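Colleague: So that you have it, the file is start-v8.cif, and it contains mmCIF, C-alpha atoms:
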data_data
loop_
_atom_site.label_atom_id
_atom_site.label_comp_id
_atom_site.auth_asym_id
_atom_site.auth_seq_id
_atom_site.Cartn_x
_atom_site.Cartn_y
_atom_site.Cartn_z
CA MET A 1 -20.28 -6.96 0.47
CA ILE A 2 -19.59 -9.15 -2.52
CA GLU A 3 -16.72 -8.55 -4.88
CA ARG A 4 -17.04 -9.45 -8.51
CA TRP A 5 -14.26 -9.55 -11.11
CA VAL A 6 -15.37 -9.08 -14.71
CA SER A 7 -13.05 -9.76 -17.63
CA ASN A 8 -15.80 -10.36 -20.18
CA HIS A 9 -18.55 -7.81 -19.90
CA THR A 10 -22.18 -8.60 -20.59
CA GLU A 11 -25.06 -6.15 -20.88
CA GLU A 12 -25.83 -6.86 -17.25
CA THR A 13 -22.34 -6.16 -15.88
CA ILE A 14 -22.05 -2.96 -17.94
CA ARG A 15 -25.44 -1.87 -16.57
CA ASP A 16 -24.22 -2.46 -12.99
CA CYS A 17 -21.06 -0.39 -13.59
CA THR A 18 -22.98 2.35 -15.37
CA SER A 19 -25.55 2.61 -12.57
CA VAL A 20 -22.82 3.57 -10.06
CA LEU A 21 -20.94 5.80 -12.52
CA GLU A 22 -24.10 7.76 -13.31
CA LEU A 23 -24.63 8.60 -9.63
CA GLN A 24 -21.28 10.42 -9.78
CA GLY A 25 -21.97 12.02 -13.15
CA LEU A 26 -19.44 9.79 -14.90
CA LEU A 27 -19.62 7.85 -18.14
CA TRP A 28 -18.79 4.30 -19.18
CA GLU A 29 -15.95 3.82 -21.68
CA SER A 30 -16.21 1.27 -24.44
CA ASP A 31 -12.57 0.14 -24.43
CA ILE A 32 -12.69 -1.27 -20.89
CA GLU A 33 -10.99 -4.66 -20.57
CA TYR A 34 -11.60 -5.52 -16.95
CA SER A 35 -13.77 -4.29 -14.12
CA VAL A 36 -14.36 -4.82 -10.44
CA ILE A 37 -17.88 -4.40 -9.05
CA ILE A 38 -18.77 -4.43 -5.36
CA TYR A 39 -22.36 -5.24 -4.36
CA ASP A 40 -23.99 -4.66 -1.01
CA ASN A 41 -26.12 -7.76 -0.82
CA ASP A 42 -26.51 -10.12 2.15
CA GLU A 43 -27.78 -13.03 0.10
CA GLY A 44 -24.74 -13.24 -2.12
CA LEU A 45 -26.56 -12.01 -5.20
CA TYR A 46 -25.17 -9.70 -7.82
CA THR A 47 -27.65 -6.91 -7.17
CA GLY A 48 -27.19 -3.53 -5.55
CA ALA A 49 -23.89 -2.38 -7.04
CA VAL A 50 -22.23 0.21 -4.78
CA ALA A 51 -18.73 0.58 -6.19
CA THR A 52 -16.91 -0.06 -9.43
CA GLY A 53 -13.61 0.53 -11.18
CA SER A 54 -12.01 -0.62 -14.44
CA PHE A 55 -8.94 -0.56 -16.56
CA SER A 56 -7.98 -0.55 -20.19
CA SER A 57 -4.38 -1.50 -20.97
CA ASN A 58 -2.37 0.14 -18.14
CA VAL A 59 -4.86 2.94 -17.45
CA ILE A 60 -7.22 2.74 -14.48
CA LYS A 61 -10.54 4.43 -15.20
CA CYS A 62 -14.23 4.70 -14.45
CA ILE A 63 -13.92 4.52 -10.67
CA ALA A 64 -17.06 5.39 -8.75
CA VAL A 65 -18.59 4.77 -5.34
CA HIS A 66 -22.28 5.11 -4.48
CA PRO A 67 -22.73 8.47 -2.66
CA SER A 68 -24.07 6.82 0.52
CA TYR A 69 -20.98 4.59 0.70
CA GLU A 70 -18.38 7.31 0.31
CA GLY A 71 -15.63 7.31 2.91
CA THR A 72 -15.99 3.61 3.69
CA GLY A 73 -12.80 2.57 1.92
CA LEU A 74 -14.59 1.05 -1.06
CA ALA A 75 -12.66 3.10 -3.63
CA GLN A 76 -9.46 1.95 -2.00
CA ARG A 77 -10.62 -1.65 -2.18
CA VAL A 78 -11.58 -1.32 -5.85
CA VAL A 79 -8.26 0.25 -6.83
CA THR A 80 -6.32 -2.37 -4.84
CA LEU A 81 -8.10 -5.16 -6.70
CA LEU A 82 -7.38 -3.46 -10.03
CA ILE A 83 -3.70 -3.02 -9.12
CA GLU A 84 -3.45 -6.68 -8.10
CA GLU A 85 -4.92 -7.78 -11.42
CA LEU A 86 -2.63 -5.42 -13.35
CA SER A 87 0.39 -6.74 -11.42
CA GLU A 88 -0.56 -10.24 -12.56
CA LYS A 89 -0.40 -8.93 -16.11
CA GLN A 90 3.05 -7.58 -15.27
CA VAL A 91 2.54 -4.04 -16.49
CA ASP A 92 5.50 -1.84 -15.58
CA ASN A 93 3.50 1.15 -14.53
CA ILE A 94 -0.13 2.10 -13.94
CA PHE A 95 -1.71 5.41 -14.92
CA VAL A 96 -4.83 7.26 -13.92
CA PHE A 97 -6.42 10.37 -15.42
CA THR A 98 -8.68 12.11 -12.94
CA LYS A 99 -10.03 15.43 -11.71
CA SER A 100 -7.51 17.44 -9.69
CA SER A 101 -9.83 17.25 -6.66
CA ASN A 102 -9.03 13.51 -6.54
CA ILE A 103 -5.26 13.96 -6.28
CA PRO A 104 -5.08 13.38 -2.47
CA ALA A 105 -7.22 10.23 -2.73
CA PHE A 106 -4.99 8.73 -5.40
CA GLN A 107 -1.85 9.76 -3.53
CA LEU A 108 -3.09 7.63 -0.64
CA LEU A 109 -3.42 4.79 -3.13
CA GLY A 110 0.23 5.18 -4.10
CA PHE A 111 -0.03 7.36 -7.20
CA HIS A 112 2.23 10.29 -8.06
CA GLU A 113 1.24 13.37 -9.97
CA ILE A 114 2.81 13.92 -13.39
CA VAL A 115 0.87 16.96 -14.62
CA THR A 116 -2.31 18.84 -13.83
CA GLU A 117 -4.19 20.95 -16.34
CA ASP A 118 -6.53 23.47 -14.73
CA SER A 119 -8.84 21.63 -12.38
CA HIS A 120 -10.14 19.34 -15.10
CA VAL A 121 -7.44 16.78 -15.68
CA THR A 122 -4.56 15.33 -13.73
CA LEU A 123 -2.38 12.49 -14.92
CA MET A 124 -0.87 10.31 -12.21
CA GLU A 125 1.35 7.24 -12.28
CA GLN A 126 2.14 4.47 -9.83
CA ASN A 127 5.87 4.26 -10.47
CA PRO A 128 7.41 7.00 -8.30
CA ARG A 129 10.24 7.39 -10.80
CA GLY A 130 8.35 6.62 -14.02
CA ILE A 131 8.65 9.82 -15.97
CA GLU A 132 12.08 10.51 -14.47
CA THR A 133 13.41 7.18 -15.78
CA PHE A 134 11.91 7.81 -19.22
CA CYS A 135 13.50 11.27 -19.38
CA GLU A 136 16.88 9.78 -18.41
CA GLN A 137 16.55 7.47 -21.43
CA LEU A 138 15.66 10.40 -23.69
CA HIS A 139 18.56 12.37 -22.29
CA SER A 140 21.03 9.75 -23.50
CA HIS A 141 19.98 10.57 -27.11
CA ARG A 142 20.71 14.29 -26.72
CA VAL A 143 22.83 16.01 -29.35
CA SER A 144 24.22 19.51 -29.36
CA GLY A 145 23.04 22.04 -31.91
CA ALA A 146 21.59 25.50 -32.32
CA ARG A 147 18.02 24.51 -33.06
CA ILE A 148 16.75 21.12 -31.91
CA GLY A 149 13.38 20.14 -33.31
CA ALA A 150 10.75 17.57 -32.42
CA LEU A 151 7.85 16.01 -34.26
CA VAL A 152 5.24 13.79 -32.63
CA MET A 153 3.75 11.30 -35.06
CA ASN A 154 1.64 8.19 -35.24
CA CYS A 155 2.29 7.20 -38.90
CA ASN A 156 -0.36 4.55 -39.21
CA PRO A 157 1.25 3.65 -41.67
CA PHE A 158 4.16 5.82 -42.84
CA THR A 159 3.31 7.77 -46.03
CA LEU A 160 5.04 10.26 -48.34
CA GLY A 161 3.04 12.93 -46.52
CA HIS A 162 4.82 12.06 -43.27
CA ARG A 163 8.14 11.94 -45.07
CA TYR A 164 7.54 15.39 -46.51
CA VAL A 165 6.80 16.87 -43.08
CA ILE A 166 9.98 15.26 -41.67
CA GLU A 167 12.07 16.56 -44.58
CA GLN A 168 10.76 20.11 -44.15
CA ALA A 169 11.27 20.05 -40.39
CA SER A 170 14.78 18.60 -40.55
CA ARG A 171 15.81 21.30 -43.02
CA GLU A 172 14.89 23.94 -40.45
CA CYS A 173 16.89 22.59 -37.53
CA SER A 174 20.27 21.13 -36.63
CA HIS A 175 18.78 17.90 -35.31
CA LEU A 176 15.26 16.49 -35.36
CA PHE A 177 13.71 14.02 -32.93
CA ILE A 178 10.65 12.08 -34.00
CA LEU A 179 8.61 10.82 -31.07
CA VAL A 180 6.31 8.04 -32.17
CA VAL A 181 3.00 7.50 -30.41
CA SER A 182 3.30 4.16 -28.69
CA GLU A 183 0.01 2.29 -28.49
CA ASP A 184 -1.08 -0.91 -30.14
CA ARG A 185 -4.64 0.16 -30.72
CA SER A 186 -3.58 1.59 -34.06
CA GLU A 187 -4.05 -0.81 -36.96
CA PHE A 188 -0.30 -0.97 -37.46
CA SER A 189 1.52 -1.96 -34.28
CA THR A 190 4.07 0.30 -32.60
CA VAL A 191 6.90 -1.99 -33.74
CA GLU A 192 5.67 -1.93 -37.35
CA ARG A 193 5.17 1.84 -37.35
CA LEU A 194 8.62 2.50 -35.84
CA ALA A 195 10.30 0.19 -38.39
CA LEU A 196 8.50 1.79 -41.37
CA ILE A 197 9.45 5.30 -40.27
CA ARG A 198 13.09 4.33 -39.73
CA GLU A 199 13.30 2.65 -43.14
CA GLY A 200 11.43 5.43 -44.90
CA ILE A 201 13.77 8.17 -43.73
CA SER A 202 17.08 6.29 -43.60
CA ASP A 203 18.54 8.69 -46.20
CA ILE A 204 17.68 11.83 -44.22
CA GLU A 205 20.49 12.95 -41.92
CA SER A 206 20.35 14.28 -38.36
CA VAL A 207 17.04 12.62 -37.47
CA THR A 208 16.49 10.30 -34.51
CA VAL A 209 13.33 8.19 -34.26
CA LEU A 210 12.27 7.38 -30.69
CA SER A 211 9.27 5.72 -29.09
CA GLY A 212 7.12 8.14 -27.09
CA GLY A 213 6.62 5.43 -24.48
CA ASP A 214 3.80 6.07 -22.03
CA TYR A 215 4.32 9.81 -22.11
CA VAL A 216 3.15 10.82 -25.55
CA ILE A 217 -0.55 10.51 -24.91
CA SER A 218 -2.48 8.91 -27.71
CA ARG A 219 -5.88 10.35 -28.49
CA ALA A 220 -7.17 6.79 -28.57
CA THR A 221 -6.14 6.02 -25.00
CA PHE A 222 -7.09 9.35 -23.43
CA PRO A 223 -10.01 8.64 -21.10
CA THR A 224 -12.90 11.06 -21.28
CA TYR A 225 -15.44 9.59 -18.87
CA PHE A 226 -15.08 12.42 -16.35
CA LEU A 227 -15.23 15.32 -18.82
CA LYS A 228 -18.53 16.93 -19.60
CA ASP A 229 -18.46 17.81 -23.26
CA GLU A 230 -16.66 17.17 -26.52
CA HIS A 231 -14.94 20.56 -26.52
CA LEU A 232 -13.57 20.09 -23.00
CA VAL A 233 -12.33 16.63 -23.98
CA ARG A 234 -10.47 18.05 -26.95
CA THR A 235 -8.81 20.96 -25.18
CA SER A 236 -7.97 18.89 -22.08
CA TYR A 237 -6.36 16.19 -24.18
CA ALA A 238 -4.33 18.70 -26.18
CA ARG A 239 -3.23 20.68 -23.15
CA ILE A 240 -2.22 17.71 -20.97
CA ASP A 241 -0.24 16.20 -23.85
CA ALA A 242 1.42 19.58 -24.52
CA ARG A 243 2.12 20.09 -20.80
CA ILE A 244 4.01 16.77 -20.50
CA PHE A 245 5.99 17.63 -23.62
CA ALA A 246 6.90 21.10 -22.36
CA ARG A 247 7.73 20.08 -18.80
CA TYR A 248 9.50 16.76 -19.29
CA LEU A 249 10.21 15.57 -22.84
CA ALA A 250 11.46 18.81 -24.44
CA PRO A 251 13.94 19.64 -21.64
CA ALA A 252 15.24 16.03 -21.62
CA LEU A 253 15.99 16.19 -25.35
CA GLY A 254 16.95 19.87 -25.43
CA VAL A 255 14.15 20.64 -27.89
CA THR A 256 13.66 24.29 -28.85
CA THR A 257 11.11 23.90 -31.65
CA ARG A 258 8.11 21.66 -32.00
CA PHE A 259 6.88 21.05 -35.53
CA VAL A 260 3.32 20.15 -36.38
CA GLY A 261 1.57 19.28 -39.61
CA ASP A 262 -1.18 21.61 -40.70
CA GLU A 263 -4.60 20.41 -41.68
CA PRO A 264 -6.39 23.52 -42.93
CA PHE A 265 -9.82 21.92 -43.10
CA CYS A 266 -9.76 19.83 -39.94
CA PRO A 267 -11.10 21.77 -36.92
CA VAL A 268 -9.82 19.13 -34.46
CA THR A 269 -6.23 19.45 -35.66
CA ARG A 270 -6.47 23.23 -35.80
CA ASP A 271 -7.78 23.28 -32.25
CA TYR A 272 -4.97 20.98 -31.11
CA ASN A 273 -2.33 23.19 -32.71
CA THR A 274 -3.76 26.31 -31.06
CA GLN A 275 -3.63 24.69 -27.59
CA LEU A 276 -0.12 23.42 -28.29
CA GLN A 277 1.10 26.89 -29.23
CA ASP A 278 -0.46 28.29 -26.10
CA VAL A 279 1.07 25.78 -23.65
CA LEU A 280 4.47 25.45 -25.33
CA GLY A 281 4.71 29.23 -25.71
CA GLU A 282 4.65 29.58 -21.92
CA SER A 283 7.80 27.44 -21.75
CA GLY A 284 9.53 29.34 -24.54
CA ILE A 285 9.26 26.47 -27.03
CA GLU A 286 8.53 27.62 -30.54
CA VAL A 287 5.79 25.90 -32.56
CA THR A 288 6.26 25.77 -36.33
CA ILE A 289 3.44 24.64 -38.56
CA ILE A 290 4.29 22.78 -41.75
CA ARG A 291 1.91 22.65 -44.71
CA ARG A 292 1.12 19.10 -45.72
CA LEU A 293 2.08 17.57 -49.03
CA GLU A 294 -0.71 17.25 -51.55
CA HIS A 295 -1.17 14.53 -54.13
CA ASP A 296 -3.60 15.24 -56.97
CA GLY A 297 -4.92 18.24 -55.06
CA GLN A 298 -5.54 16.32 -51.81
CA ALA A 299 -3.44 16.06 -48.66
CA ILE A 300 -2.03 12.55 -48.34
CA SER A 301 -3.75 10.87 -45.43
CA ALA A 302 -2.84 7.65 -43.68
CA SER A 303 -6.52 6.80 -43.31
CA LYS A 304 -6.94 6.84 -47.09
CA VAL A 305 -3.91 4.55 -47.43
CA ARG A 306 -5.42 2.19 -44.84
CA SER A 307 -8.72 2.03 -46.64
CA LEU A 308 -7.13 1.40 -50.07
CA PHE A 309 -4.84 -1.21 -48.52
CA ALA A 310 -7.74 -3.05 -46.91
CA GLN A 311 -9.57 -3.11 -50.23
CA GLY A 312 -6.49 -4.59 -51.91
CA ARG A 313 -6.08 -1.57 -54.20
CA LEU A 314 -2.28 -1.61 -53.87
CA GLU A 315 -1.56 0.08 -57.23
CA GLU A 316 -3.33 3.21 -56.03
CA ILE A 317 -1.17 3.32 -52.90
CA ALA A 318 2.13 3.35 -54.81
CA GLY A 319 2.07 7.13 -55.31
CA LEU A 320 1.20 7.81 -51.67
CA VAL A 321 3.83 5.86 -49.73
CA PRO A 322 7.62 5.37 -49.94
CA ALA A 323 8.98 2.16 -51.47
CA SER A 324 9.70 0.68 -48.04
CA THR A 325 6.09 1.03 -46.86
CA TYR A 326 4.86 -0.31 -50.22
CA ARG A 327 7.08 -3.38 -49.86
CA PHE A 328 5.71 -4.01 -46.38
CA LEU A 329 2.09 -3.58 -47.48
CA SER A 330 2.55 -6.05 -50.34
CA SER A 331 4.24 -8.63 -48.08
CA PRO A 332 2.46 -11.29 -46.02
CA ALA A 333 3.74 -9.57 -42.84
CA SER A 334 1.05 -6.90 -43.27
CA GLU A 335 -1.81 -9.39 -43.03
CA ARG A 336 -2.36 -8.77 -39.28
CA ALA A 337 -2.79 -5.02 -39.88
CA LYS A 338 -5.17 -5.68 -42.77
CA GLN A 339 -7.40 -7.86 -40.59
CA LYS A 340 -7.42 -5.13 -37.93
CA ILE A 341 -8.48 -2.48 -40.45
CA LEU A 342 -11.21 -4.71 -41.85
CA ALA A 343 -12.49 -5.46 -38.35
CA LYS A 344 -12.69 -1.74 -37.54
CA MET A 345 -14.43 -1.00 -40.84
CA THR A 346 -17.14 -3.55 -40.14
CA VAL A 347 -17.73 -2.11 -36.70
CA LYS A 348 -18.16 1.33 -38.25
CA GLU A 349 -20.58 0.07 -40.88
CA GLN A 350 -22.64 -1.70 -38.25
CA SER A 351 -22.83 1.41 -36.14
CA ILE A 352 -24.18 3.38 -39.11
CA MET B 353 18.84 -12.20 -6.97
CA LYS B 354 18.58 -10.16 -10.15
CA ILE B 355 15.51 -7.99 -10.78
CA ILE B 356 14.46 -8.39 -14.40
CA LYS B 357 10.93 -6.99 -14.44
CA THR B 358 8.29 -5.28 -12.32
CA GLY B 359 6.84 -7.39 -9.51
CA SER B 360 4.50 -6.45 -6.70
CA ALA B 361 2.83 -8.00 -3.68
CA GLY B 362 0.42 -6.86 -1.00
CA THR B 363 -2.65 -4.64 -0.79
CA LEU B 364 -3.52 -1.11 0.23
CA GLU B 365 -5.77 -2.20 3.05
CA SER B 366 -5.24 -1.14 6.63
CA SER B 367 -2.42 -3.09 8.36
CA ASP B 368 -1.04 -4.28 5.04
CA VAL B 369 1.54 -2.95 2.62
CA LEU B 370 1.81 -2.86 -1.19
CA ILE B 371 5.38 -3.32 -2.36
CA THR B 372 6.47 -2.89 -6.00
CA VAL B 373 9.96 -3.89 -7.05
CA ARG B 374 11.38 -2.58 -10.33
CA SER B 375 14.74 -2.98 -12.06
CA HIS B 376 17.29 -0.33 -11.26
CA ASN B 377 20.36 -1.54 -13.10
CA GLY B 378 23.68 -0.03 -12.19
CA LYS B 379 22.13 2.29 -9.67
CA GLY B 380 22.05 0.29 -6.45
CA VAL B 381 19.06 0.06 -4.14
CA GLN B 382 16.54 2.87 -3.97
CA ILE B 383 13.60 2.87 -1.58
CA THR B 384 10.60 5.17 -1.87
CA LEU B 385 8.40 4.95 1.18
CA SER B 386 5.04 6.41 1.93
CA SER B 387 3.45 5.28 5.14
CA THR B 388 0.58 6.21 7.39
CA VAL B 389 3.04 5.74 10.26
CA GLU B 390 6.04 7.32 8.57
CA LYS B 391 6.81 9.64 11.49
CA GLN B 392 6.82 6.85 14.06
CA PHE B 393 8.20 3.91 12.09
CA GLY B 394 9.66 5.25 8.82
CA ASN B 395 13.24 4.37 9.70
CA GLN B 396 12.28 0.97 11.08
CA ILE B 397 10.45 0.12 7.82
CA ARG B 398 13.44 1.20 5.72
CA HIS B 399 15.67 -0.91 7.94
CA VAL B 400 13.48 -4.01 7.49
CA VAL B 401 13.42 -3.50 3.72
CA LEU B 402 17.19 -3.08 3.46
CA GLU B 403 17.91 -6.09 5.69
CA THR B 404 15.49 -8.30 3.75
CA LEU B 405 17.01 -7.24 0.44
CA LYS B 406 20.44 -8.09 1.82
CA GLN B 407 19.24 -11.56 2.86
CA LEU B 408 17.84 -12.06 -0.62
CA ASN B 409 21.10 -10.88 -2.13
CA VAL B 410 19.44 -8.07 -4.07
CA THR B 411 21.92 -5.30 -4.79
CA GLU B 412 20.06 -3.37 -7.49
CA ALA B 413 16.37 -2.54 -7.22
CA ALA B 414 13.93 0.35 -7.03
CA VAL B 415 11.54 -0.54 -4.22
CA ASP B 416 8.27 1.35 -3.82
CA VAL B 417 6.65 0.79 -0.42
CA GLN B 418 3.04 1.90 0.15
CA ASP B 419 2.57 1.12 3.81
CA LYS B 420 -0.75 1.15 5.63
CA GLY B 421 0.64 0.22 9.02
CA ALA B 422 1.90 -3.31 8.37
CA LEU B 423 3.90 -5.22 10.99
CA ASP B 424 7.55 -5.98 10.23
CA CYS B 425 6.83 -9.63 9.44
CA ALA B 426 4.13 -8.60 6.92
CA ILE B 427 6.51 -6.14 5.27
CA GLN B 428 9.15 -8.86 5.06
CA ALA B 429 6.73 -11.41 3.57
CA ARG B 430 5.36 -8.94 0.99
CA LEU B 431 8.87 -7.88 0.00
CA ILE B 432 10.07 -11.47 -0.38
CA ALA B 433 7.10 -12.23 -2.65
CA ALA B 434 7.54 -9.03 -4.71
CA VAL B 435 11.28 -9.66 -5.20
CA HIS B 436 10.68 -13.23 -6.34
CA ARG B 437 8.05 -12.07 -8.83
CA ALA B 438 10.34 -9.31 -10.10
CA ALA B 439 13.16 -11.82 -10.48
CA GLY B 440 10.90 -14.20 -12.39
CA ILE B 441 11.24 -16.99 -9.80
CA ASP B 442 8.14 -19.09 -9.14
CA LYS B 443 9.38 -21.26 -6.30
CA ILE B 444 10.56 -19.73 -3.06
CA ASN B 445 13.34 -21.54 -1.25
CA TRP B 446 12.42 -20.77 2.36
CA GLU B 447 15.29 -22.88 3.74
CA GLU B 448 17.86 -20.74 1.99
CA MET B 449 16.41 -17.61 3.45
CA ARG B 450 17.09 -18.42 7.07
#
I need this file expressed as structure tokens, please.

Modeller:
Amino acid sequence: MIERWVSNHTEETIRDCTSVLELQGLLWESDIEYSVIIYDNDEGLYTGAVATGSFSSNVIKCIAVHPSYEGTGLAQRVVTLLIEELSEKQVDNIFVFTKSSNIPAFQLLGFHEIVTEDSHVTLMEQNPRGIETFCEQLHSHRVSGARIGALVMNCNPFTLGHRYVIEQASRECSHLFILVVSEDRSEFSTVERLALIREGISDIESVTVLSGGDYVISRATFPTYFLKDEHLVRTSYARIDARIFARYLAPALGVTTRFVGDEPFCPVTRDYNTQLQDVLGESGIEVTIIRRLEHDGQAISASKVRSLFAQGRLEEIAGLVPASTYRFLSSPASERAKQKILAKMTVKEQSI
Amino acid sequence: MKIIKTGSAGTLESSDVLITVRSHNGKGVQITLSSTVEKQFGNQIRHVVLETLKQLNVTEAAVDVQDKGALDCAIQARLIAAVHRAAGIDKINWEEMR
């Protein structure tokens, strides 16, 4: 057996990983940063891949063992190597999304179950007190009131549309918590997004802006390699995210109402909202949908702001974002985000 | 020694142990143990961990022990390494630890 560590994938290494994944009916994911491949080859050559596993940020994914090598401890070996590498990177916690049939296997590898949604998706973490510690932090922000609301937002970047939703929601409750999706894959970093939201709503009372940490699942980081079709991916993502909110985050903050923005013409958002209502309803949490603010007959979208910003058409953005976001976008500090947007746009154009 | 970040040492292979040490400020020492030999040696493992932490002068830490049947000396060595990593110390002073 030869072990190979891959931090820069080539066509050949991806092919080796994919060959094992396919035998288990799994897919490769494009955001993988690091992989381990084990070959069964006596001559020390990198041929005959029999096991593989990868990670992206602090999420372990795409683990597969050749069917004839199952039960030989190879999966354990792969995960151990991934954990060792992640420890070097000093991540605080490691996560894995998997099928519920794999729960016992990952428990043996030191993972703890957070939530399970049907038999399709289970989210597990390595820190035995991970979600508990996060909820303790949330708990310290608790306030008393008749109706405590929550909004989950990305705000990439913060626009007048977001502000409008926050204003409407805060009017309907005694206190509003805004949980911000924490992942740096968005063009604007978590720190930038948090700062722009806080500045943009500083005049609105009874609102607390908090980072969602590792427990508000971002659509961008949700792994899908073990789910069969697009529809299953969408409902699983929505339901696991809703389940964590209902079971852990809402009770920690004392939330009674979850607000969501409505996008009448977007089937993905509509689908998400339906699943959310379904899961949260079971826990007695009300879901209130807020109509989005329109500007010249169109809903204000952060993606439109990003595209105008990248093209340097700042004047056109002025009517779409609050003064604080505008100031940031016209300052040199926003250069990093601009480069990120441009890079993503080129990738898209190339793929078309 | 003060735990300032997450540090781990060891593997999940048979006869080894994977120990992760995390900060646990103001809440003392907390050990979570899962072991293939929990029934036979669970208390002994906890004892080794507590004694080693005492020697290292660690009073606040959340210690996660994933044991696959490691001997006491292996548990000690893995814990010492994990604590040093979690305390951000590169050099281990073995003399001091006697």

Colleague: Which chain B residues are at most 8 Å from chain A (counting all atoms listed in the file), as a VMD selection string?

Modeller: chain B and resid 357 to 361 363 to 365 374 384 386 416 418

Colleague: One number please: atom CA of Asp203 of chain A to atom CA of Thr159 of chain A, in Å, one decimal.

Modeller: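 Taking atom CA of Asp203 of chain A and atom CA of Thr159 of chain A, their separation equals 15.3 Å.
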
Colleague: Using the chain letters and numbers from the file, which residues does the PyMOL selection byres ((chain A and resi 213-228) around 8) grab, as an mmCIF file with C-alpha atoms, keeping the file's coordinate frame?

Modeller:
data_model
loop_
_atom_site.group_PDB
_atom_site.id
_atom_site.type_symbol
_atom_site.label_atom_id
_atom_site.label_comp_id
_atom_site.auth_asym_id
_atom_site.auth_seq_id
_atom_site.Cartn_x
_atom_site.Cartn_y
_atom_site.Cartn_z
ATOM 1 C CA GLY A 25 -21.970 12.020 -13.150
ATOM 2 C CA LEU A 26 -19.440 9.790 -14.900
ATOM 3 C CA LEU A 27 -19.620 7.850 -18.140
ATOM 4 C CA TRP A 28 -18.790 4.300 -19.180
ATOM 5 C CA GLU A 29 -15.950 3.820 -21.680
ATOM 6 C CA LYS A 61 -10.540 4.430 -15.200
ATOM 7 C CA CYS A 62 -14.230 4.700 -14.450
ATOM 8 C CA PHE A 97 -6.420 10.370 -15.420
ATOM 9 C CA THR A 98 -8.680 12.110 -12.940
ATOM 10 C CA LYS A 99 -10.030 15.430 -11.710
ATOM 11 C CA HIS A 120 -10.140 19.340 -15.100
ATOM 12 C CA ILE A 131 8.650 9.820 -15.970
ATOM 13 C CA PHE A 134 11.910 7.810 -19.220
ATOM 14 C CA VAL A 152 5.240 13.790 -32.630
ATOM 15 C CA LEU A 179 8.610 10.820 -31.070
ATOM 16 C CA VAL A 180 6.310 8.040 -32.170
ATOM 17 C CA VAL A 181 3.000 7.500 -30.410
ATOM 18 C CA SER A 182 3.300 4.160 -28.690
ATOM 19 C CA GLU A 183 0.010 2.290 -28.490
ATOM 20 C CA ARG A 185 -4.640 0.160 -30.720
ATOM 21 C CA SER A 211 9.270 5.720 -29.090
ATOM 22 C CA GLY A 212 7.120 8.140 -27.090
ATOM 23 C CA ASP A 229 -18.460 17.810 -23.260
ATOM 24 C CA GLU A 230 -16.660 17.170 -26.520
ATOM 25 C CA LEU A 232 -13.570 20.090 -23.000
ATOM 26 C CA VAL A 233 -12.330 16.630 -23.980
ATOM 27 C CA TYR A 237 -6.360 16.190 -24.180
ATOM 28 C CA ASP A 241 -0.240 16.200 -23.850
ATOM 29 C CA ILE A 244 4.010 16.770 -20.500
ATOM 30 C CA PHE A 245 5.990 17.630 -23.620
#

Colleague: I'd like the contact shell of segment 405-414 of chain B - 9 Å cut-off, all atoms listed in the file, skipping same-chain residues fewer than 2 positions apart - returned as a PyMOL selection string.

Modeller: (chain A and resi 129) or (chain B and resi 353-355+372-384+400-403+416+431-432+435+449-450)

Colleague: Report, in Å to a single decimal, how far apart atom CA of Val369 of chain B and atom CA of Ile94 of chain A are.

Modeller: 17.4 Å

Colleague: Write out as a list in words each polymer residue whose atoms come within 7 Å of segment 114-116 of chain A, counting all atoms listed in the file; drop sequence neighbours fewer than 3 positions from it.

Modeller: Ser100, Val121, Thr122, Leu123, Met124, Glu125 and Ile244 of chain A

Colleague: How far is it from atom CA of Ala429 of chain B to atom CA of Ser7 of chain A, in Å with one decimal?

Modeller: 29.0 Å

Colleague: Place a sphere of radius 12 Å on (3.3, -4.0, -32.3) in the file coordinates and name every protein, DNA or RNA residue with an atom inside or on its surface, counting all atoms listed in the file; give the answer as a ChimeraX atom specification.

Modeller: /A:156,181-196,211,333-334,336-337

Colleague: Which residue, B:Gln428, B:Asp368, B:Asn445, B:Gly421, has the smallest gap to Lys391 of chain B when you use all atoms listed in the file?

Modeller: B:Gly421

Colleague: Of the candidates B:Glu447, B:His399, B:Glu390, B:Val417, which one gets nearest to Arg430 of chain B if we count all atoms listed in the file?

Modeller: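 Between B:Glu447, B:His399, B:Glu390, B:Val417, the residue approaching Arg430 of chain B most closely is B:Val417.
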
Colleague: Identify the residues around (13.0, 9.3, -39.4) within a radius of 10 Å, measuring from all atoms listed in the file in the coordinates stated by the file, and give them as a ChimeraX atom specification.

Modeller: /A:151,162-163,166-167,170,176-180,194-210

Colleague: Apply the PyMOL selection byres ((chain A and resi 39) around 10) to the structure shown and report the selected residues as an MDAnalysis selection string.

Modeller: chainID A and resid 1:4 16 37:38 40:42 44:52

Colleague: Once the PyMOL selection byres ((chain A and resi 54) around 8) has been applied to the shown file, what residues remain in the selection, as a ChimeraX atom specification?

Modeller: /A:32-36,52-53,55-56,60-63,82
